[in-house]
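Dropping start-v3.txt in here (compact mmCIF, C-alpha atoms):
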# COMPACT_ATOMS: atom_id res chain seq x y z
CA MET A 1 17.80 12.25 5.89
CA VAL A 2 15.26 10.39 3.77
CA ARG A 3 15.21 6.65 3.26
CA ALA A 4 13.64 5.79 -0.06
CA TYR A 5 13.23 2.60 -2.03
CA SER A 6 11.36 1.39 -5.05
CA GLN A 7 10.23 -2.03 -6.19
CA GLU A 8 8.63 -3.54 -9.26
CA TYR A 9 6.56 -6.67 -9.30
CA THR A 10 4.82 -8.46 -12.16
CA TYR A 11 1.44 -10.01 -11.50
CA LYS A 12 0.73 -12.75 -14.04
CA HIS A 13 -2.88 -11.57 -14.11
CA PRO A 14 -4.65 -8.99 -16.28
CA TRP A 15 -4.94 -5.38 -15.10
CA GLU A 16 -8.69 -5.65 -14.37
CA ARG A 17 -8.16 -8.58 -11.99
CA VAL A 18 -5.22 -6.99 -10.19
CA THR A 19 -7.05 -3.71 -9.64
CA CYS A 20 -10.10 -5.60 -8.33
CA ALA A 21 -7.77 -7.43 -5.94
CA SER A 22 -6.32 -4.11 -4.80
CA TRP A 23 -9.77 -2.92 -3.68
CA ARG A 24 -10.37 -6.21 -1.81
CA LYS A 25 -6.94 -6.47 -0.23
CA PHE A 26 -7.86 -4.98 3.13
CA THR A 27 -11.48 -6.13 3.31
CA ASP A 28 -11.14 -9.86 2.68
CA PRO A 29 -11.47 -11.62 6.08
CA GLU A 30 -8.98 -14.32 5.04
CA ASN A 31 -6.25 -11.67 4.82
CA LYS A 32 -6.68 -10.30 8.35
CA ARG A 33 -3.98 -12.64 9.67
CA THR A 34 -1.45 -11.74 6.98
CA LEU A 35 -2.14 -8.00 7.14
CA SER A 36 -2.59 -7.87 10.90
CA HIS A 37 -0.96 -4.42 11.06
CA ILE A 38 -3.98 -2.95 9.20
CA LEU A 39 -6.57 -2.21 11.88
CA GLU A 40 -9.26 -0.34 9.95
CA VAL A 41 -10.03 0.97 6.47
CA ASP A 42 -12.81 3.47 5.82
CA THR A 43 -13.84 5.01 2.51
CA LEU A 44 -14.13 8.76 2.99
CA ASN A 45 -14.93 9.85 -0.55
CA ARG A 46 -15.58 8.28 -3.93
CA LYS A 47 -16.51 10.06 -7.14
CA VAL A 48 -16.32 9.58 -10.88
CA ASP A 49 -15.34 12.58 -12.95
CA PRO A 50 -18.06 12.77 -15.63
CA GLU A 51 -15.69 14.28 -18.21
CA SER A 52 -12.64 12.04 -17.84
CA GLY A 53 -14.38 8.94 -16.48
CA LYS A 54 -11.70 8.64 -13.80
CA LEU A 55 -12.59 7.24 -10.39
CA TYR A 56 -11.23 9.20 -7.42
CA THR A 57 -11.30 7.55 -4.01
CA THR A 58 -10.01 8.61 -0.59
CA ARG A 59 -9.69 6.10 2.22
CA ALA A 60 -8.59 6.41 5.83
CA ILE A 61 -6.34 3.57 6.99
CA THR A 62 -5.44 2.89 10.61
CA ILE A 63 -2.21 0.95 11.10
CA HIS A 64 -0.59 -0.65 14.12
CA ALA A 65 3.02 0.48 13.72
CA PRO A 66 5.02 -0.53 16.76
CA GLY A 67 8.55 0.75 16.81
CA PRO A 68 11.39 0.41 19.26
CA TRP A 69 10.31 0.93 22.87
CA PHE A 70 12.23 4.20 23.22
CA ILE A 71 10.47 5.67 20.19
CA ARG A 72 7.05 4.62 21.56
CA LYS A 73 8.02 6.31 24.82
CA ILE A 74 8.76 9.59 23.01
CA VAL A 75 5.90 9.45 20.51
CA GLY A 76 3.37 8.11 23.00
CA GLN A 77 1.54 5.79 20.59
CA ASP A 78 2.01 3.01 18.08
CA ILE A 79 -1.12 3.62 16.03
CA CYS A 80 -0.76 5.58 12.81
CA HIS A 81 -3.54 7.11 10.73
CA CYS A 82 -2.99 7.39 6.98
CA VAL A 83 -4.87 8.73 3.98
CA GLU A 84 -4.86 6.81 0.72
CA SER A 85 -5.79 8.67 -2.47
CA THR A 86 -6.53 6.53 -5.52
CA VAL A 87 -7.09 7.47 -9.14
CA VAL A 88 -8.33 4.82 -11.55
CA ASP A 89 -8.35 5.55 -15.26
CA ALA A 90 -10.11 2.59 -16.86
CA TRP A 91 -9.62 3.97 -20.37
CA SER A 92 -5.83 4.01 -20.14
CA GLN A 93 -5.78 1.11 -17.65
CA SER A 94 -3.89 2.89 -14.92
CA MET A 95 -4.44 2.77 -11.17
CA GLN A 96 -2.40 5.05 -8.91
CA LEU A 97 -2.45 4.99 -5.13
CA THR A 98 -0.70 7.49 -2.87
CA THR A 99 -0.69 6.87 0.87
CA ARG A 100 0.59 9.36 3.48
CA ASN A 101 0.60 9.31 7.22
CA ILE A 102 -1.43 12.06 8.84
CA SER A 103 -0.62 11.21 12.43
CA LEU A 104 2.87 11.20 13.91
CA GLN A 105 3.95 13.79 11.31
CA LYS A 106 6.01 15.62 13.91
CA PHE A 107 8.23 12.55 14.08
CA ILE A 108 7.99 10.72 10.77
CA GLU A 109 6.75 11.33 7.23
CA VAL A 110 5.93 8.34 5.05
CA VAL A 111 4.73 8.54 1.45
CA GLU A 112 4.00 5.40 -0.53
CA LYS A 113 3.09 5.47 -4.21
CA ILE A 114 1.86 2.41 -6.08
CA ARG A 115 0.96 2.25 -9.74
CA TYR A 116 -0.64 -0.65 -11.63
CA ASP A 117 -0.37 -0.71 -15.43
CA PRO A 118 -0.60 -3.41 -18.09
CA HIS A 119 2.83 -5.02 -18.47
CA PRO A 120 4.57 -3.92 -21.69
CA ASP A 121 5.60 -7.52 -22.53
CA ASN A 122 2.09 -8.96 -22.13
CA PRO A 123 -0.45 -6.11 -21.77
CA ASN A 124 -3.52 -8.35 -21.90
CA GLY A 125 -2.29 -10.96 -19.42
CA TRP A 126 0.11 -9.34 -16.94
CA THR A 127 0.19 -6.26 -14.74
CA ILE A 128 3.25 -4.37 -13.59
CA CYS A 129 3.20 -2.87 -10.11
CA ARG A 130 5.64 -0.07 -9.36
CA GLN A 131 6.00 0.95 -5.73
CA GLU A 132 7.98 3.88 -4.35
CA THR A 133 8.24 4.61 -0.65
CA SER A 134 10.00 7.43 1.14
CA ILE A 135 10.47 7.60 4.89
CA ARG A 136 11.81 10.61 6.72
CA ILE A 137 12.37 10.68 10.43
CA LYS A 138 12.31 14.20 11.77
CA PRO A 139 15.16 14.01 14.22
CA LEU A 140 14.76 15.33 17.68
CA SER A 141 17.93 16.99 18.88
CA ALA A 142 18.58 14.21 21.39
CA LEU A 143 17.95 11.49 18.82
CA ALA A 144 19.46 12.97 15.67
CA SER A 145 22.13 10.28 15.49
CA MET A 146 19.50 7.55 15.76
CA ALA A 147 17.22 8.88 13.02
CA GLU A 148 19.03 6.99 10.26
CA LYS A 149 18.73 3.68 12.15
CA VAL A 150 15.03 4.25 12.76
CA GLU A 151 14.50 5.11 9.07
CA GLN A 152 16.29 1.88 8.10
CA ARG A 153 14.11 -0.15 10.49
CA CYS A 154 10.97 1.49 9.10
CA ALA A 155 12.10 0.78 5.53
CA GLU A 156 12.74 -2.88 6.40
CA ARG A 157 9.27 -3.15 7.90
CA PHE A 158 7.73 -1.58 4.77
CA VAL A 159 9.55 -4.10 2.58
CA GLN A 160 8.27 -6.96 4.76
CA ASN A 161 4.71 -5.62 4.67
CA SER A 162 4.80 -5.11 0.90
CA VAL A 163 5.77 -8.79 0.50
CA LYS A 164 2.73 -9.69 2.61
CA GLY A 165 0.59 -7.35 0.51
CA ARG A 166 1.74 -9.03 -2.71
CA GLU A 167 0.94 -12.46 -1.23
CA VAL A 168 -2.56 -11.24 -0.43
CA MET A 169 -2.99 -9.72 -3.90
CA GLU A 170 -1.87 -12.98 -5.54
CA ARG A 171 -4.31 -14.97 -3.41
CA ILE A 172 -7.20 -12.63 -4.31
CA CYS A 173 -6.25 -12.68 -8.01
CA LYS A 174 -6.35 -16.50 -7.99
CA TYR A 175 -9.70 -16.39 -6.23
CA LEU A 176 -11.05 -13.90 -8.80
CA GLU A 177 -9.70 -16.03 -11.65
CA ALA A 178 -11.44 -19.10 -10.25
CA GLU A 179 -14.61 -17.11 -9.63
CA SER A 180 -14.70 -15.87 -13.23
CA SER A 181 -14.19 -19.44 -14.47
CA GLY A 182 -17.03 -20.73 -12.29
CA LEU A 183 -14.65 -22.78 -10.12
CA THR A 184 -14.44 -22.87 -6.34
CA ILE A 185 -11.26 -22.80 -4.32

The structure in this file should be written as structure tokens.
Amino acid sequence: MVRAYSQEYTYKHPWERVTCASWRKFTDPENKRTLSHILEVDTLNRKVDPESGKLYTTRAITIHAPGPWFIRKIVGQDICHCVESTVVDAWSQSMQLTTRNISLQKFIEVVEKIRYDPHPDNPNGWTICRQETSIRIKPLSALASMAEKVEQRCAERFVQNSVKGREVMERICKYLEAESSGLTI
């Protein structure tokens, strides 16, 4: 079974500011407390396609993902390694991020897709964020009946963490707005 959900959120900030905030989200020291489940972020690759002008970036993200004790006992760890692939098209003002787990794949598959675009109602002032997440627990024969409960718990945790991520993005956007106005916060 696959647990999937999608969310939309409107940032009342222009696309350029929101995408800048996205790059800073994990690196800003002030956010370490809010995003305490993010242990490390490393850029593996970054290139600009000379023909299209698109920026392609690949980052490795290490996450502390504690689950129920019995799952930790089976899996043997509560650290998950993920790969985030990002494509930024400045000409069309689109930023797409796809994050997948690369560890624990024998037990769980998680794919998160986020897209930032100018909001159709206010393209110069607002940004729409569309997020889709799918979680699939690969049931072990002894735990097949519990897979759905574990998927639900994982989905709830993703929803909680995405709320934290939006809080961080809003804080960075306000900081960037103040910075561009020459103000200090």

Given the choices A:Arg130, A:Lys174, A:His64, A:His119, which gets closest to A:Arg157 if the distance is worked out from all atoms listed in the file?
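Among the listed residues, A:His64 lies closest to A:Arg157.
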
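Picture a line from atom CA of A:Arg33 to atom CA of A:Val159; it runs 17.5 Å.
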
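Closest approach to A:Ser92 from the set A:Gln160, A:Glu179, A:Glu16, A:Arg153 is made by A:Glu16, with distances taken over only C-alpha atoms.
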
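Closest to A:Ser94 among A:Arg171, A:Arg59, A:Arg115, A:Lys47 is A:Arg115, based on all atoms listed in the file.
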
Atom CA of A:Ser22 to atom CA of A:Cys80: how many Å, to one decimal?
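One can read the atom CA of A:Ser22 to atom CA of A:Cys80 distance as 20.9 Å.
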
Once you count all atoms listed in the file, which residues end up no further than 12 Å from (-9.7, -14.3, -11.2) in the file's frame, shown as a VMD selection string?
chain A and resid 11 to 21 125 169 to 185

Record the distance separating atom CA of A:Phe158 and atom CA of A:Tyr56, expressed in Å with one decimal.
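Value for the atom CA of A:Phe158-atom CA of A:Tyr56 distance: 25.0 Å.
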
Using all atoms listed in the file, what residues lie at most 6 Å away from (-9.1, 0.1, 4.2) (file coordinates), given as a short mmCIF file (atom, residue, chain, number, x, y, z; two decimals) with C-alpha atoms, in the coordinates of the input?
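Output contents, as saved in out22.cif:
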data_model
loop_
_atom_site.label_atom_id
_atom_site.label_comp_id
_atom_site.auth_asym_id
_atom_site.auth_seq_id
_atom_site.Cartn_x
_atom_site.Cartn_y
_atom_site.Cartn_z
CA PHE A 26 -7.86 -4.98 3.13
CA GLU A 40 -9.26 -0.34 9.95
CA VAL A 41 -10.03 0.97 6.47
CA ASP A 42 -12.81 3.47 5.82
CA ILE A 61 -6.34 3.57 6.99
#

Kindly indicate which residue among A:Ser134, A:Thr86, A:Thr10, A:Gln96 lies nearest to A:Asn45, using all atoms listed in the file for the distances.
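Using all atoms listed in the file, A:Asn45 sits closest to A:Thr86.
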
Which residues are close to A:Gln131, i.e. within 10 Å by all atoms listed in the file, leaving aside same-chain residues fewer than 6 positions away? Reply as a ChimeraX atom specification.
/A:5-9,96-98,112-116,162

For A:Glu109, please output as an mmCIF file with C-alpha atoms, in the coordinates of the input all residues within 8 Å (counting all atoms listed in the file; exclusion window: fewer than 3 positions along the same chain).
data_model
loop_
_atom_site.group_PDB
_atom_site.id
_atom_site.type_symbol
_atom_site.label_atom_id
_atom_site.label_comp_id
_atom_site.auth_asym_id
_atom_site.auth_seq_id
_atom_site.Cartn_x
_atom_site.Cartn_y
_atom_site.Cartn_z
ATOM 1 C CA ARG A 100 0.590 9.360 3.480
ATOM 2 C CA ASN A 101 0.600 9.310 7.220
ATOM 3 C CA LEU A 104 2.870 11.200 13.910
ATOM 4 C CA GLN A 105 3.950 13.790 11.310
ATOM 5 C CA LYS A 106 6.010 15.620 13.910
ATOM 6 C CA SER A 134 10.000 7.430 1.140
ATOM 7 C CA ILE A 135 10.470 7.600 4.890
ATOM 8 C CA ARG A 136 11.810 10.610 6.720
ATOM 9 C CA ILE A 137 12.370 10.680 10.430
ATOM 10 C CA LYS A 138 12.310 14.200 11.770
#

Taking all atoms listed in the file into account, which of A:Glu156, A:Asp28, A:Asp49, A:Asp121 comes nearest A:Val87?
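Closest candidate: A:Asp49.
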
Complete the atoms of stretch 104-135 of chain A to N, CA and C atoms and put them out as a JSON list (two decimals), in the coordinates of the input.
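Written out: selection.json:
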[["chain", "number", "residue", "atom", "x", "y", "z"],
["A", 104, "LEU", "N", 1.44, 11.34, 13.62],
["A", 104, "LEU", "CA", 2.87, 11.20, 13.91],
["A", 104, "LEU", "C", 3.75, 12.02, 12.98],
["A", 105, "GLN", "N", 3.17, 13.00, 12.27],
["A", 105, "GLN", "CA", 3.95, 13.79, 11.31],
["A", 105, "GLN", "C", 5.05, 14.62, 11.96],
["A", 106, "LYS", "N", 4.93, 14.89, 13.23],
["A", 106, "LYS", "CA", 6.01, 15.62, 13.91],
["A", 106, "LYS", "C", 7.28, 14.78, 13.98],
["A", 107, "PHE", "N", 7.10, 13.46, 13.91],
["A", 107, "PHE", "CA", 8.23, 12.55, 14.08],
["A", 107, "PHE", "C", 8.66, 11.84, 12.79],
["A", 108, "ILE", "N", 7.68, 11.52, 11.95],
["A", 108, "ILE", "CA", 7.99, 10.72, 10.77],
["A", 108, "ILE", "C", 7.03, 11.10, 9.63],
["A", 109, "GLU", "N", 7.56, 11.14, 8.43],
["A", 109, "GLU", "CA", 6.75, 11.33, 7.23],
["A", 109, "GLU", "C", 6.96, 10.12, 6.33],
["A", 110, "VAL", "N", 5.86, 9.49, 5.94],
["A", 110, "VAL", "CA", 5.93, 8.34, 5.05],
["A", 110, "VAL", "C", 5.01, 8.61, 3.87],
["A", 111, "VAL", "N", 5.52, 8.42, 2.67],
["A", 111, "VAL", "CA", 4.73, 8.54, 1.45],
["A", 111, "VAL", "C", 4.99, 7.28, 0.63],
["A", 112, "GLU", "N", 3.91, 6.60, 0.30],
["A", 112, "GLU", "CA", 4.00, 5.40, -0.53],
["A", 112, "GLU", "C", 3.18, 5.62, -1.78],
["A", 113, "LYS", "N", 3.79, 5.36, -2.93],
["A", 113, "LYS", "CA", 3.09, 5.47, -4.21],
["A", 113, "LYS", "C", 3.14, 4.12, -4.91],
["A", 114, "ILE", "N", 1.97, 3.68, -5.35],
["A", 114, "ILE", "CA", 1.86, 2.41, -6.08],
["A", 114, "ILE", "C", 1.12, 2.69, -7.37],
["A", 115, "ARG", "N", 1.61, 2.07, -8.44],
["A", 115, "ARG", "CA", 0.96, 2.25, -9.74],
["A", 115, "ARG", "C", 0.84, 0.88, -10.41],
["A", 116, "TYR", "N", -0.37, 0.59, -10.89],
["A", 116, "TYR", "CA", -0.64, -0.65, -11.63],
["A", 116, "TYR", "C", -0.93, -0.29, -13.08],
["A", 117, "ASP", "N", -0.18, -0.92, -13.99],
["A", 117, "ASP", "CA", -0.37, -0.71, -15.43],
["A", 117, "ASP", "C", -0.25, -2.06, -16.13],
["A", 118, "PRO", "N", -0.84, -2.20, -17.32],
["A", 118, "PRO", "CA", -0.60, -3.41, -18.09],
["A", 118, "PRO", "C", 0.90, -3.56, -18.35],
["A", 119, "HIS", "N", 1.40, -4.77, -18.27],
["A", 119, "HIS", "CA", 2.83, -5.02, -18.47],
["A", 119, "HIS", "C", 3.17, -4.86, -19.95],
["A", 120, "PRO", "N", 4.24, -4.15, -20.28],
["A", 120, "PRO", "CA", 4.57, -3.92, -21.69],
["A", 120, "PRO", "C", 4.84, -5.20, -22.48],
["A", 121, "ASP", "N", 5.31, -6.27, -21.82],
["A", 121, "ASP", "CA", 5.60, -7.52, -22.53],
["A", 121, "ASP", "C", 4.37, -8.38, -22.77],
["A", 122, "ASN", "N", 3.32, -8.17, -21.98],
["A", 122, "ASN", "CA", 2.09, -8.96, -22.13],
["A", 122, "ASN", "C", 0.93, -8.12, -21.59],
["A", 123, "PRO", "N", 0.53, -7.06, -22.31],
["A", 123, "PRO", "CA", -0.45, -6.11, -21.77],
["A", 123, "PRO", "C", -1.83, -6.70, -21.49],
["A", 124, "ASN", "N", -2.19, -7.77, -22.14],
["A", 124, "ASN", "CA", -3.52, -8.35, -21.90],
["A", 124, "ASN", "C", -3.51, -9.41, -20.80],
["A", 125, "GLY", "N", -2.33, -9.87, -20.40],
["A", 125, "GLY", "CA", -2.29, -10.96, -19.42],
["A", 125, "GLY", "C", -1.57, -10.65, -18.13],
["A", 126, "TRP", "N", -0.69, -9.64, -18.13],
["A", 126, "TRP", "CA", 0.11, -9.34, -16.94],
["A", 126, "TRP", "C", -0.07, -7.88, -16.54],
["A", 127, "THR", "N", 0.25, -7.62, -15.28],
["A", 127, "THR", "CA", 0.19, -6.26, -14.74],
["A", 127, "THR", "C", 1.50, -5.96, -14.03],
["A", 128, "ILE", "N", 2.04, -4.79, -14.30],
["A", 128, "ILE", "CA", 3.25, -4.37, -13.59],
["A", 128, "ILE", "C", 2.86, -3.43, -12.45],
["A", 129, "CYS", "N", 3.43, -3.69, -11.30],
["A", 129, "CYS", "CA", 3.20, -2.87, -10.11],
["A", 129, "CYS", "C", 4.52, -2.18, -9.79],
["A", 130, "ARG", "N", 4.47, -0.87, -9.74],
["A", 130, "ARG", "CA", 5.64, -0.07, -9.36],
["A", 130, "ARG", "C", 5.33, 0.61, -8.03],
["A", 131, "GLN", "N", 6.20, 0.40, -7.07],
["A", 131, "GLN", "CA", 6.00, 0.95, -5.73],
["A", 131, "GLN", "C", 7.21, 1.79, -5.35],
["A", 132, "GLU", "N", 6.94, 2.99, -4.86],
["A", 132, "GLU", "CA", 7.98, 3.88, -4.35],
["A", 132, "GLU", "C", 7.58, 4.29, -2.94],
["A", 133, "THR", "N", 8.51, 4.22, -2.03],
["A", 133, "THR", "CA", 8.24, 4.61, -0.65],
["A", 133, "THR", "C", 9.36, 5.50, -0.15],
["A", 134, "SER", "N", 9.00, 6.59, 0.50],
["A", 134, "SER", "CA", 10.00, 7.43, 1.14],
["A", 134, "SER", "C", 9.63, 7.59, 2.62],
["A", 135, "ILE", "N", 10.65, 7.52, 3.45],
["A", 135, "ILE", "CA", 10.47, 7.60, 4.89],
["A", 135, "ILE", "C", 11.46, 8.63, 5.41]]
